[in-house]
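One file, final_13.tsv, is given below (TSV, C-alpha atoms and all ligand atoms).
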```tsv
chain	number	residue	atom	x	y	z
A	4	MET	CA	34.09	-37.09	-5.30
A	5	PHE	CA	31.04	-35.15	-6.45
A	6	LYS	CA	27.64	-36.74	-5.84
A	7	ASP	CA	25.79	-36.85	-9.21
A	8	ASN	CA	28.88	-35.19	-10.77
A	9	ASP	CA	27.59	-31.90	-9.34
A	10	PHE	CA	30.68	-29.69	-8.97
A	11	LEU	CA	28.49	-26.72	-7.98
A	12	ALA	CA	26.67	-28.53	-5.16
A	13	PHE	CA	30.01	-29.77	-3.77
A	14	THR	CA	31.47	-26.26	-3.98
A	15	LEU	CA	28.52	-24.64	-2.24
A	16	ALA	CA	28.63	-27.27	0.51
A	17	ASN	CA	32.31	-26.37	1.07
A	18	PRO	CA	32.31	-22.61	0.50
A	19	HIS	CA	35.45	-21.76	2.48
A	20	GLY	CA	37.81	-24.47	1.25
A	21	ALA	CA	38.16	-28.11	0.26
A	22	ALA	CA	41.04	-30.54	0.55
A	23	PRO	CA	42.76	-31.23	-2.76
A	24	ALA	CA	41.57	-34.49	-4.34
A	25	ALA	CA	41.99	-36.30	-7.63
A	26	PHE	CA	40.52	-39.17	-9.62
A	27	THR	CA	40.28	-40.40	-13.20
A	28	THR	CA	36.93	-40.72	-14.97
A	29	ASP	CA	35.83	-43.81	-16.93
A	30	THR	CA	36.68	-41.86	-20.09
A	31	GLY	CA	40.28	-41.28	-18.92
A	32	ILE	CA	40.03	-37.65	-17.85
A	33	GLU	CA	42.24	-36.72	-14.89
A	34	VAL	CA	40.13	-34.66	-12.52
A	35	ALA	CA	41.95	-32.59	-9.91
A	36	LEU	CA	40.20	-30.47	-7.32
A	37	TRP	CA	42.82	-27.89	-6.31
A	38	ASP	CA	40.57	-26.06	-3.85
A	39	THR	CA	36.90	-25.42	-3.48
A	40	GLY	CA	35.44	-24.29	-6.81
A	41	ILE	CA	38.75	-24.85	-8.60
A	42	LEU	CA	38.68	-27.92	-10.84
A	43	CYS	CA	41.34	-28.88	-13.37
A	44	LEU	CA	40.37	-31.43	-16.04
A	45	THR	CA	43.00	-33.05	-18.25
A	46	PRO	CA	42.13	-35.46	-21.06
A	47	ALA	CA	44.50	-38.29	-22.00
A	48	ASN	CA	45.80	-36.53	-25.11
A	49	PRO	CA	45.12	-32.81	-24.71
A	50	GLY	CA	44.76	-30.56	-27.74
A	51	ASN	CA	46.41	-27.18	-28.12
A	52	LYS	CA	43.97	-25.07	-26.09
A	53	ASP	CA	44.26	-24.33	-22.38
A	54	ILE	CA	40.76	-23.16	-21.49
A	55	VAL	CA	39.73	-21.32	-18.31
A	56	LEU	CA	36.00	-20.86	-17.72
A	57	SER	CA	35.09	-18.84	-14.66
A	58	CYS	CA	31.73	-17.92	-13.21
A	59	GLY	CA	30.30	-16.69	-9.93
A	60	VAL	CA	32.97	-14.04	-9.39
A	61	HIS	CA	29.84	-12.12	-8.43
A	62	GLY	CA	27.68	-14.40	-6.31
A	63	ASN	CA	24.25	-13.38	-7.61
A	64	GLU	CA	25.08	-13.87	-11.32
A	65	THR	CA	23.56	-17.31	-11.48
A	66	ALA	CA	23.06	-18.18	-15.17
A	67	PRO	CA	26.80	-18.53	-15.89
A	68	ILE	CA	27.14	-20.66	-12.75
A	69	GLU	CA	24.46	-22.99	-14.11
A	70	ILE	CA	26.23	-23.13	-17.48
A	71	VAL	CA	29.52	-24.15	-15.83
A	72	ARG	CA	27.75	-26.65	-13.52
A	73	ASP	CA	26.09	-28.34	-16.53
A	74	LEU	CA	29.28	-28.39	-18.58
A	75	ALA	CA	31.23	-29.94	-15.68
A	76	LYS	CA	28.53	-32.57	-15.24
A	77	ALA	CA	28.55	-33.49	-18.94
A	78	VAL	CA	32.35	-33.86	-18.99
A	79	LEU	CA	32.46	-35.84	-15.74
A	80	ASP	CA	29.69	-38.24	-16.75
A	81	GLY	CA	31.31	-38.79	-20.15
A	82	SER	CA	28.44	-37.46	-22.25
A	83	LEU	CA	30.66	-34.60	-23.50
A	84	PRO	CA	34.15	-35.60	-24.66
A	85	LEU	CA	37.01	-33.37	-23.54
A	86	ALA	CA	39.57	-32.40	-26.17
A	87	HIS	CA	41.59	-29.79	-24.26
A	88	ARG	CA	42.82	-28.99	-20.77
A	89	LEU	CA	40.09	-27.17	-18.89
A	90	LEU	CA	40.10	-25.17	-15.66
A	91	LEU	CA	36.65	-24.54	-14.20
A	92	LEU	CA	36.40	-21.82	-11.56
A	93	ILE	CA	33.44	-20.98	-9.35
A	94	GLY	CA	34.63	-17.60	-8.17
A	95	ASN	CA	32.99	-16.63	-4.89
A	96	PRO	CA	31.17	-19.57	-3.21
A	97	PRO	CA	30.24	-17.72	0.05
A	98	ALA	CA	28.65	-14.91	-2.01
A	99	ILE	CA	26.76	-17.47	-4.11
A	100	ASN	CA	25.41	-19.08	-0.92
A	101	ALA	CA	24.37	-15.63	0.32
A	102	GLY	CA	22.78	-14.74	-3.07
A	103	LYS	CA	24.83	-11.54	-3.10
A	104	ARG	CA	27.18	-9.85	-5.56
A	105	GLU	CA	29.90	-9.74	-2.89
A	106	ILE	CA	30.32	-10.33	0.83
A	107	GLU	CA	32.76	-7.56	1.79
A	108	GLU	CA	34.44	-6.41	-1.40
A	109	ASN	CA	34.01	-6.69	-5.16
A	110	LEU	CA	36.17	-9.71	-6.08
A	111	ASN	CA	36.48	-8.47	-9.66
A	112	ARG	CA	38.46	-5.43	-8.52
A	113	LEU	CA	41.08	-7.45	-6.63
A	114	PHE	CA	43.20	-9.06	-9.35
A	115	SER	CA	46.71	-8.23	-10.62
A	116	GLY	CA	47.83	-7.95	-7.02
A	117	ALA	CA	45.14	-5.48	-5.88
A	118	HIS	CA	44.21	-8.06	-3.22
A	119	SER	CA	47.43	-7.26	-1.37
A	120	LYS	CA	47.28	-3.46	-1.51
A	121	GLY	CA	46.28	-1.50	1.62
A	122	ASP	CA	45.75	-2.90	5.10
A	123	GLY	CA	42.44	-4.71	4.74
A	124	GLN	CA	42.17	-8.49	4.64
A	125	ASN	CA	39.02	-10.47	3.91
A	126	ALA	CA	37.81	-13.66	2.25
A	127	GLU	CA	37.47	-12.01	-1.17
A	128	ARG	CA	41.09	-10.86	-1.08
A	129	GLU	CA	42.17	-14.40	-0.17
A	130	ARG	CA	40.03	-15.79	-2.95
A	131	ALA	CA	41.47	-13.40	-5.56
A	132	LYS	CA	44.94	-14.61	-4.55
A	133	ALA	CA	43.85	-18.26	-4.81
A	134	LEU	CA	42.22	-17.73	-8.22
A	135	GLU	CA	45.32	-15.96	-9.52
A	136	ALA	CA	47.49	-18.83	-8.30
A	137	ALA	CA	45.19	-21.40	-9.92
A	138	VAL	CA	45.30	-19.63	-13.30
A	139	ALA	CA	49.09	-19.32	-13.10
A	140	ARG	CA	49.46	-23.01	-12.19
A	141	PHE	CA	47.12	-24.07	-14.97
A	142	TYR	CA	48.87	-22.13	-17.71
A	143	HIS	CA	52.36	-23.05	-16.47
A	144	GLU	CA	51.68	-26.72	-15.78
A	145	ARG	CA	50.92	-27.76	-19.32
A	146	PRO	CA	52.26	-31.34	-19.38
A	147	ASP	CA	53.68	-31.16	-22.90
A	148	ALA	CA	55.13	-27.65	-22.45
A	149	GLY	CA	57.75	-26.91	-25.05
A	150	ARG	CA	56.41	-29.41	-27.55
A	151	GLN	CA	53.22	-27.62	-28.38
A	152	GLU	CA	52.43	-23.90	-28.13
A	153	ALA	CA	49.16	-23.63	-26.23
A	154	LEU	CA	46.40	-21.20	-27.10
A	155	ARG	CA	45.45	-19.74	-23.72
A	156	LEU	CA	41.80	-18.80	-23.33
A	157	HIS	CA	39.86	-17.33	-20.41
A	158	TYR	CA	36.15	-16.53	-20.56
A	159	ASP	CA	34.97	-14.94	-17.29
A	160	LEU	CA	31.19	-15.31	-17.40
A	161	HIS	CA	28.91	-12.72	-15.80
A	162	THR	CA	25.42	-11.25	-16.00
A	163	ALA	CA	24.66	-7.55	-15.65
A	164	ILE	CA	22.61	-5.82	-12.95
A	165	ARG	CA	20.58	-3.80	-15.48
A	166	GLY	CA	18.92	-4.86	-18.68
A	167	SER	CA	20.98	-4.15	-21.81
A	168	GLN	CA	20.03	-2.89	-25.26
A	169	HIS	CA	22.59	-5.43	-26.51
A	170	GLU	CA	21.77	-8.39	-24.29
A	171	LYS	CA	25.11	-10.18	-24.63
A	172	PHE	CA	28.39	-8.29	-24.73
A	173	VAL	CA	32.03	-8.60	-23.75
A	174	VAL	CA	34.61	-6.32	-22.25
A	175	TYR	CA	37.78	-6.92	-24.28
A	176	PRO	CA	40.63	-5.98	-21.92
A	177	PHE	CA	43.46	-3.60	-22.80
A	178	LEU	CA	46.20	-5.47	-24.69
A	179	HIS	CA	48.87	-2.78	-24.41
A	180	GLY	CA	49.01	-2.32	-28.19
A	181	LYS	CA	48.86	-6.00	-29.18
A	182	PRO	CA	46.31	-6.69	-31.93
A	183	ARG	CA	42.81	-7.81	-30.97
A	184	SER	CA	41.82	-11.26	-32.19
A	185	LYS	CA	39.17	-11.27	-34.91
A	186	GLU	CA	38.94	-15.05	-34.52
A	187	GLN	CA	38.05	-14.66	-30.84
A	188	VAL	CA	35.46	-12.03	-31.70
A	189	MET	CA	33.86	-14.48	-34.15
A	190	PHE	CA	33.97	-17.23	-31.53
A	191	LEU	CA	32.08	-14.92	-29.19
A	192	ALA	CA	29.61	-14.06	-31.96
A	193	GLU	CA	28.93	-17.80	-32.29
A	194	CYS	CA	28.19	-17.74	-28.54
A	195	GLY	CA	25.52	-15.13	-29.26
A	196	VAL	CA	27.68	-12.26	-28.04
A	197	ASP	CA	27.39	-9.66	-30.77
A	198	THR	CA	28.73	-6.60	-28.94
A	199	VAL	CA	32.33	-5.85	-27.96
A	200	LEU	CA	33.60	-3.09	-25.68
A	201	LEU	CA	37.28	-2.37	-26.22
A	202	SER	CA	39.07	-1.26	-23.08
A	203	ASP	CA	42.12	0.98	-23.40
A	204	ASP	CA	43.29	0.93	-19.80
A	205	PRO	CA	44.72	-1.57	-17.32
A	206	THR	CA	42.20	-2.67	-14.67
A	207	THR	CA	42.06	-5.04	-11.73
A	208	THR	CA	39.51	-7.41	-13.28
A	209	PHE	CA	40.02	-11.17	-13.66
A	210	SER	CA	39.99	-11.11	-17.46
A	211	TYR	CA	42.61	-8.34	-17.62
A	212	PHE	CA	44.81	-10.39	-15.25
A	213	SER	CA	44.83	-13.40	-17.59
A	214	THR	CA	45.41	-11.37	-20.75
A	215	ASN	CA	48.09	-9.20	-19.21
A	216	GLU	CA	50.07	-11.76	-17.23
A	217	PHE	CA	49.68	-14.87	-19.41
A	218	ALA	CA	48.98	-13.50	-22.90
A	219	ALA	CA	45.67	-15.35	-22.80
A	220	HIS	CA	42.75	-14.36	-24.96
A	221	GLY	CA	40.56	-13.19	-22.08
A	222	PHE	CA	37.16	-11.56	-21.85
A	223	THR	CA	34.56	-10.51	-19.33
A	224	VAL	CA	31.47	-12.01	-20.94
A	225	GLU	CA	28.09	-10.49	-20.02
A	226	LEU	CA	25.34	-12.95	-20.90
A	227	GLY	CA	22.14	-11.21	-19.80
A	228	LYS	CA	20.51	-9.84	-16.69
A	229	VAL	CA	21.12	-10.99	-13.13
A	230	ARG	CA	18.41	-13.33	-11.81
A	231	PRO	CA	18.25	-15.70	-8.81
A	232	PHE	CA	18.72	-19.46	-9.30
A	233	GLY	CA	15.61	-21.01	-10.81
A	234	GLN	CA	14.54	-17.79	-12.53
A	235	ASN	CA	16.86	-17.91	-15.56
A	236	ASP	CA	15.32	-18.67	-18.92
A	237	MET	CA	18.12	-21.04	-19.94
A	238	SER	CA	16.94	-21.00	-23.58
A	239	ARG	CA	18.49	-17.52	-23.77
A	240	PHE	CA	21.89	-19.03	-22.92
A	241	LYS	CA	21.70	-22.02	-25.27
A	242	ALA	CA	23.95	-20.62	-28.02
A	243	THR	CA	26.59	-19.79	-25.41
A	244	ALA	CA	26.38	-23.14	-23.62
A	245	ASP	CA	26.41	-25.09	-26.91
A	246	THR	CA	29.38	-23.14	-28.31
A	247	LEU	CA	31.37	-23.54	-25.09
A	248	ALA	CA	30.63	-27.27	-25.24
A	249	LYS	CA	31.97	-27.36	-28.81
A	250	LEU	CA	35.05	-25.40	-27.75
A	251	VAL	CA	36.01	-27.90	-25.05
A	252	SER	CA	35.06	-31.03	-26.98
A	253	GLN	CA	36.32	-30.39	-30.51
A	254	ARG	CA	40.03	-30.49	-31.33
A	255	GLU	CA	39.60	-27.87	-34.07
A	256	LEU	CA	36.74	-25.44	-33.93
A	257	VAL	CA	35.66	-24.16	-37.34
A	258	LEU	CA	34.64	-20.51	-37.08
A	259	PRO	CA	33.06	-18.23	-39.67
A	260	ALA	CA	35.19	-15.58	-41.36
A	261	TYR	CA	35.36	-12.20	-39.62
A	262	ASP	CA	32.23	-10.25	-40.41
A	263	GLU	CA	31.93	-6.84	-38.78
A	264	SER	CA	28.32	-6.52	-39.93
A	265	ARG	CA	27.43	-9.10	-37.23
A	266	LEU	CA	28.93	-6.91	-34.53
A	267	ASN	CA	28.40	-3.76	-32.49
A	268	LEU	CA	31.81	-2.38	-31.60
A	269	TYR	CA	32.34	0.21	-28.89
A	270	ARG	CA	35.40	1.75	-27.29
A	271	ILE	CA	35.37	2.60	-23.59
A	272	SER	CA	35.73	6.36	-23.73
A	273	ARG	CA	35.69	7.09	-20.01
A	274	VAL	CA	35.51	5.47	-16.59
A	275	ILE	CA	33.57	7.41	-13.96
A	276	ASN	CA	34.71	6.65	-10.42
A	277	LYS	CA	32.60	7.43	-7.38
A	278	GLN	CA	34.38	10.02	-5.25
A	279	SER	CA	31.88	10.67	-2.47
A	280	ASP	CA	28.75	9.31	-0.84
A	281	SER	CA	26.70	11.98	-2.57
A	282	PHE	CA	27.31	10.41	-6.01
A	283	ALA	CA	24.01	10.15	-7.93
A	284	PHE	CA	22.93	9.49	-11.51
A	285	THR	CA	20.41	11.77	-13.18
A	286	PHE	CA	18.59	8.75	-14.63
A	287	GLY	CA	16.64	5.93	-13.01
A	288	GLU	CA	17.34	2.28	-12.25
A	289	ASP	CA	15.31	1.22	-15.29
A	290	VAL	CA	17.72	2.84	-17.76
A	291	GLU	CA	19.45	0.05	-19.66
A	292	ASN	CA	23.10	-0.48	-20.52
A	293	PHE	CA	23.93	1.09	-23.92
A	294	THR	CA	21.45	3.94	-23.48
A	295	SER	CA	23.08	6.81	-25.36
A	296	TYR	CA	23.09	10.49	-24.44
A	297	PRO	CA	24.13	13.55	-26.49
A	298	LYS	CA	27.12	15.81	-25.88
A	299	GLY	CA	26.68	18.00	-22.81
A	300	HIS	CA	24.00	15.82	-21.17
A	301	LEU	CA	24.39	15.67	-17.38
A	302	LEU	CA	24.81	12.02	-16.39
A	303	ALA	CA	25.75	12.20	-12.73
A	304	THR	CA	26.73	14.50	-9.92
A	305	ASP	CA	29.27	13.77	-7.21
A	306	GLY	CA	29.18	16.63	-4.69
A	307	ALA	CA	30.21	19.67	-6.71
A	308	ILE	CA	31.45	17.52	-9.64
A	309	GLU	CA	29.24	17.21	-12.73
A	310	HIS	CA	29.77	14.28	-15.10
A	311	ARG	CA	28.58	15.25	-18.57
A	312	VAL	CA	28.78	13.55	-21.97
A	313	GLU	CA	31.94	14.77	-23.68
A	314	LEU	CA	31.78	13.16	-27.14
A	315	ASP	CA	28.99	13.61	-29.72
A	316	ALA	CA	27.25	10.65	-28.11
A	317	GLU	CA	28.23	8.32	-25.29
A	318	ALA	CA	26.34	5.34	-23.88
A	319	VAL	CA	26.30	4.22	-20.26
A	320	ILE	CA	27.48	0.76	-19.18
A	321	PHE	CA	27.18	-0.73	-15.67
A	322	PRO	CA	25.90	2.47	-14.00
A	323	ASN	CA	25.86	1.70	-10.29
A	324	ALA	CA	25.74	4.47	-7.69
A	325	LYS	CA	25.90	1.92	-4.85
A	326	VAL	CA	29.56	0.96	-5.37
A	327	ALA	CA	32.07	1.83	-2.64
A	328	VAL	CA	33.69	5.27	-2.76
A	329	GLY	CA	36.75	5.08	-5.01
A	330	GLN	CA	35.24	2.34	-7.20
A	331	ARG	CA	34.02	2.49	-10.78
A	332	ALA	CA	30.43	3.74	-10.92
A	333	CYS	CA	29.96	3.68	-14.70
A	334	LEU	CA	31.68	3.17	-18.03
A	335	LEU	CA	30.97	5.40	-21.00
A	336	VAL	CA	31.34	3.93	-24.49
A	337	ALA	CA	31.28	5.28	-28.03
A	338	ARG	CA	30.93	3.45	-31.36
A	339	THR	CA	34.20	2.33	-32.98
A	340	GLN	CA	35.74	-0.21	-35.36
A	341	LEU	CA	38.21	-3.00	-34.59
A	342	ASP	CA	41.78	-1.61	-34.49
A	401	LIG	O1	25.93	-4.74	-14.25
A	401	LIG	C1	26.84	-4.31	-13.57
A	401	LIG	O2	26.78	-3.18	-13.03
A	401	LIG	C2	28.10	-5.11	-13.37
A	401	LIG	C3	28.21	-6.41	-14.16
A	401	LIG	C4	29.61	-6.93	-13.97
A	401	LIG	O3	29.87	-7.61	-13.02
A	401	LIG	N1	30.54	-6.49	-14.83
A	401	LIG	C5	31.94	-6.68	-14.64
A	401	LIG	C6	32.72	-6.11	-15.78
A	401	LIG	C7	34.20	-6.30	-15.62
A	401	LIG	C8	35.03	-5.63	-16.72
A	401	LIG	O4	34.98	-4.42	-16.85
A	401	LIG	O5	35.77	-6.35	-17.43
A	401	LIG	C9	32.36	-6.01	-13.34
A	401	LIG	O6	31.85	-4.91	-13.03
A	401	LIG	O7	33.19	-6.57	-12.64
A	402	ZN	ZN	29.66	-9.68	-12.66
```
Please re-express this file's structure in structure tokens.
Amino acid sequence: MFKDNDFLAFTLANPHGAAPAAFTTDTGIEVALWDTGILCLTPANPGNKDIVLSCGVHGNETAPIEIVRDLAKAVLDGSLPLAHRLLLLIGNPPAINAGKREIEENLNRLFSGAHSKGDGQNAERERAKALEAAVARFYHERPDAGRQEALRLHYDLHTAIRGSQHEKFVVYPFLHGKPRSKEQVMFLAECGVDTVLLSDDPTTTFSYFSTNEFAAHGFTVELGKVRPFGQNDMSRFKATADTLAKLVSQRELVLPAYDESRLNLYRISRVINKQSDSFAFTFGEDVENFTSYPKGHLLATDGAIEHRVELDAEAVIFPNAKVAVGQRACLLVARTQLD
């Protein structure tokens, strides 16, 4: 189905849809293309993990797309065994083709039903619906359901617009009081992700959708800085790619014991939403994620509104004045410990 086992090339050649198709590899893996960029892989005797790996939810975040392309190729050509069910998602193919974060709307604000709110309709809203349906189908369609409790995982892979003082970090979605998983945090540390942002609010992101609706362990994983295809230094993503390969190929993954000294833990203290077109930060585009400011410091203005640091120190994450009015323009985080 895919020339040279290149799932990405096929997806980008069919950005708006592809007919469902299925085949079995020489190594006995059932491969099912459910739609363009939506590929379900089932080994003959699946282990207890149901793994979703998504990338390209933002079209210009290319390194994660390359990681998923290479992993798909290795599984399809048999060089990487598959131990568990795996759903590979290439989020926004038209945006990838355009080399843009989004075409009309930020896909990662359209989950948990947000795609169907309001009057507007566009390809990103349709895609959010299709991705939600694919995740639901994948988690519900486990062939041996009832016999074996599956561990549901979803790593939504991104890169950030700005540089980051901690290059690799995750947003750990709000779990509504359920305990955070120290094992998952150590898995991420093995991926080279040493920084965790704990969210305390529901959102409309993809990772929150999977954690909230399917009790998956889900994360938005930020792996570095956005660069165009061909300009990523893939050596910086090796630990992540290698650990993801181990995750999908090993029946049992041995992880180190929880060690907080390996981690930087932050809690999201505030979300700043853009309320008008006059929204502006007081700092420049070169200021990196995790830059910290003292209490009282003026971070942004929005017409007559002043956004100042409220805690002793708060650091800025994802500051972006160019988002649409009503959207999140910045997160503020403060140091914390795991609950
Ligand atoms: O660098 C930026 O400004 C954005 C990088 C990015 O796409 N981040 C995700 C985080 C999602 C989350 O909060 O879980 C996003 O903004 O969608
Ligand atoms: Zn992103």
Next item on the list: Just give me the gap between CA of Tyr261 in chain A and CA of Tyr175 in chain A in Å, one decimal is fine.
Entry: 16.4 Å
Checklist line | Option closest in space to ligand LIG 401 (chain A), from A:Arg155, A:Lys132, A:Arg273, A:His300 [counting all atoms listed in the file] | finding: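 Of A:Arg155, A:Lys132, A:Arg273, A:His300, the one nearest ligand LIG 401 (chain A) is A:Arg273, counting all atoms listed in the file.
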Note to self: If the limit is 10 Å from any atom of ligand LIG 401 (chain A), counting only C-alpha atoms and all ligand atoms, which residues qualify? Return them as a ChimeraX atom specification.
What the structure shows: /A:59-64,104,109-113,159-167,173-177,200-202,206-211,221-229,271,274,291-292,320-326,330-334
Margin query: With distances taken over only C-alpha atoms, which residue among A:Thr14, A:Thr30, A:Ser252, A:Thr214 lies nearest Leu42 in chain A?
Written below: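 That would be A:Thr14, the residue with the smallest distance to Leu42 in chain A.
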Next item on the list: Go through A:Ala21, A:Leu85, A:Val312, A:Ala66 one by one, measure the shortest atom-to-atom distance of each to ligand ZN 402 (chain A) using only C-alpha atoms and all ligand atoms, and give the residue with the smallest value.
Entry: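 For ligand ZN 402 (chain A), the nearest of the candidates is A:Ala66.
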Note to self: Which residues are near range 335-341 of chain A? Cut-off 12 Å, all atoms listed in the file, ignore same chain within fewer than 6 positions. Put them as a ChimeraX atom specification.
What the structure shows: /A:174-175,182-185,188,198-203,261-264,266-276,292-298,302-303,310-322
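Of the residues listed (A:Pro231, A:Gly50, A:Gly123, A:Pro96), A:Gly123 shows the shortest atom-to-atom separation from Glu108 in chain A; distances use all atoms listed in the file.
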Next item on the list: Record the distance separating CA of Pro259 in chain A and CA of Leu74 in chain A, expressed in Å with one decimal.
Entry: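 It comes out at 23.7 Å.
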Next item on the list: Mind giving me the straight-line distance from CA of Asn100 in chain A to CA of Asp280 in chain A in Å, one decimal?
Entry: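 Between these atoms lies a distance of 28.6 Å.
Counting all atoms listed in the file and comparing A:Val138, A:Ala153, A:Ile54, A:Ala98, the residue that lies closest to ligand ZN 402 (chain A) is A:Ala98.
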Next item on the list: Could you give me, as a ChimeraX atom specification, the residues within 9 Å of Gly233 in chain A, counting all atoms listed in the file and dropping anything in the same chain fewer than 3 positions from it?
Entry: /A:65,230,236
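Distance annotation: of A:Arg88, A:Arg128, A:His179, A:Lys249, the residue with the minimal separation from Asp204 in chain A is A:His179; atom set is all atoms listed in the file.
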Contacts of Pro84 in chain A at 8 Å (all atoms listed in the file; same-chain gap of 2+ positions) as a PDB file with C-alpha atoms, keeping the file's coordinate frame:
```
ATOM      1  CA  VAL A  78      32.350 -33.860 -18.990  1.00  0.00           C
ATOM      2  CA  GLY A  81      31.310 -38.790 -20.150  1.00  0.00           C
ATOM      3  CA  SER A  82      28.440 -37.460 -22.250  1.00  0.00           C
ATOM      4  CA  ALA A  86      39.570 -32.400 -26.170  1.00  0.00           C
ATOM      5  CA  VAL A 251      36.010 -27.900 -25.050  1.00  0.00           C
ATOM      6  CA  SER A 252      35.060 -31.030 -26.980  1.00  0.00           C
TER       7      SER A 252
END
```
